[in-house]
Amino acid sequence: MFEGPGEGESGVGLGADPAATGSAAGAAGIRACLSVLTGLPRPSTEAEAVDRIRSLEELKSACAAAQARTTAALHGLRTEAEAEQGIPARDRGRGLAAEVALARRESPNTGSRDLGLARALCEEMPHTLAALTRGVISEWKATIMCRETAWLPVEARHQVDELMADRLEDLGAKKLAGVARAHAQRLDQASAVEQMNRSERERRVSVRPAPGGMAYLTALLPMAHAVGCLGSLKTSAATTIGTGERSGRTQDQIMADLLVERITGQAKAEDVPVEIHLVMTDRSLWGATEVNTARHPSGEDPNDPASGSVTPAWLVGHGPLPAEVARRVITDSEAEVFIRRLYTEPTSGQLVAMDSARRTFSGALRRMILVRDDTCRTPYCDAPVKHVDHVTPFRDGGATSAANASGLCARCNYTKENPAWSHTADGDRLAVTTPTGHRYTVRTPPLVAGAPPGPGAGPPAVASGNRPLQSERGPTGLGCLPTEGLTAPRPGLPPEVRPDRAWRPQPDPVLGHVSFWPANSVLEQAVIQLLMATAVARRAGAD
């Protein structure tokens, strides 16, 4: 949810100063254009449809140019105000990229790129900005021009912008990048060599989700190295096909399997014993393939979405996997699998909270926040969590608790420490307020997205001590409840289980979620292996 300064969810606040009112009126005029576009009638002919597509594309480009000019103006206003406050030049504009990102509903990294693009277009590349304003090039083409000249001195950048002015509209994106790069390298060969050396120092490997439960593993390498790696995989795949060992796989599939096997050292790609954190409901773990009338006299289908057996699993930091695929990952692999039980509050699906007397988030409490937040908690930021920090700072009396914790990327955590930024939160939501008074609110999602709602229950139990509600020292590590540190009974907890009693196995008091994590004892591993064998036997019997 977005709120402007002095506003509720929408509208202009009463009593606003004239400058703020004028700004809001301008924003209201832009929003009026949105209503016009929303009400466009259906085109009556194919030619009219094509003409409208072109006009709307030009409008998109003109809007991108206007947004760039506004972003550059925001940067100028902020740095001028901070200069008047005596802030050193090197510290001016800190956190501004994050504000731009929130306004555009984007990640901070994308906001930084957008701020840089706006400044480059408005300060150093007038011909490219003019073409974008006229709608003859897309924002992507403008981005390419800025990207291919980013390392040039300002004067050389002006020259490339002028040389390319007449070709911006005609060239495709790939050709445009090549021609602009050629001009840049010709004008400043020394800077071009230094740029290539700097790029080589930035080589890295990353992963990002892809549709269908897949992911892109990307390596940024020097071109010669990348071409060599691809050539080696192609040669080995061709050898595998030639010797009749393809096992029904295509060349591309063999190359992908070879990549995994060579990186991990495993004989088979699917047997990689790398630890992953896969969270799924207990019903999704065991699944069901048919209605057992003996166990379900009412004829209720365990595979029905409301039963929870088809609720997708969640790979922490990456996204969902279909329940059947997750079960296959667990049971069809030769790699070791470990289980740890987590508990959630049934109405919200969120993890049951924990508190700590420590200043820092560590151990099981930190692990809980990493699972709960999944990725950076800041609105629109999907970066991996690097810091678990207090929402209300510890120095201001903030507790080291789940309700006062946020899992943030390093950039967002540093940004919230800038002047006039504030974060407020509880276990259910986080609100971010920027220096301009704009407020952005995001709700805490349930532990497993897509899980059916549970029965109504009271507030979650709270455990003291920096350790999980599922003790890591129990006799089996599964299906046991802790007896120390509970300050309130769990929702639905049987009355005979109280903190003054000894350890004993108990059925799940609330909807359980299974998290795959290393076991802590030989006994726990034995129980896990028994459970996995039971799951495999059950699937075999169902087939």
# chains A, B, ... in the order shown; residues from 1 in each chain; ligands from 1
>>> residues_around(residues="A:Thr360", least_positions_apart="6", cutoff="12 Å", atoms="only C-alpha atoms", output="PyMOL selection string")
chain A and resi 366+387-390+393-395+398-402+404-405+466
>>> atom_distance(atom1="atom CA of A:Gly76", atom2="atom CA of A:Ala165")
26.4 Å
>>> residues_around(residues="stretch 422-435 of chain A", least_positions_apart="2", cutoff="7 Å", atoms="only C-alpha atoms", output="list in words")
Glu99, Val391, Thr392, Ala402, Ala403, Asn404, Lys416, Ala420, Gly437, His438, Arg439, Tyr440, Thr441, Val442, Arg443 and Thr444 of chain A
>>> residues_around(residues="stretch 166-181 of chain A", least_positions_apart="6", cutoff="10 Å", atoms="only C-alpha atoms", output="short mmCIF file (atom, residue, chain, number, x, y, z; two decimals) with C-alpha atoms, in the first residue's frame")
data_model
loop_
_atom_site.label_atom_id
_atom_site.label_comp_id
_atom_site.auth_asym_id
_atom_site.auth_seq_id
_atom_site.Cartn_x
_atom_site.Cartn_y
_atom_site.Cartn_z
CA HIS A 127 19.98 13.63 -28.33
CA THR A 128 19.00 10.30 -26.80
CA ALA A 131 14.45 10.83 -29.23
CA LEU A 132 12.87 9.21 -26.17
CA GLY A 135 8.62 8.48 -28.77
CA VAL A 136 10.83 7.25 -31.62
CA ILE A 137 12.96 4.99 -29.37
CA SER A 138 12.09 2.80 -26.41
CA TRP A 140 15.44 0.02 -23.47
CA LYS A 141 17.28 1.64 -26.39
CA ALA A 142 17.99 4.68 -24.23
CA THR A 143 19.33 2.34 -21.56
CA ILE A 144 21.61 0.67 -24.12
CA MET A 145 23.05 4.03 -25.17
CA CYS A 146 23.80 4.96 -21.58
CA ARG A 147 25.19 1.53 -20.74
CA GLU A 148 27.60 1.37 -23.68
CA THR A 149 29.01 4.84 -22.92
CA VAL A 160 28.85 9.38 -29.19
CA LEU A 187 37.19 7.77 -29.16
CA ALA A 192 38.00 0.98 -23.23
#
>>> atom_distance(atom1="atom CA of A:Val385", atom2="atom CA of A:Pro211")
21.9 Å
>>> atom_distance(atom1="atom CA of A:Thr38", atom2="atom CA of A:Ala65")
21.6 Å
>>> closest_residue(among="A:Glu202, A:Asp257, A:Glu58, A:Glu155", to="A:Asp188", atoms="only C-alpha atoms")
A:Glu155
>>> select_by_dssp(residues="stretch 94-266 of chain A", states="helix (DSSP H, G or I)", output="PyMOL selection string")
chain A and resi 96-103+108-124+126-134+139-148+154-163+173-187+189-201+223-242+251-264
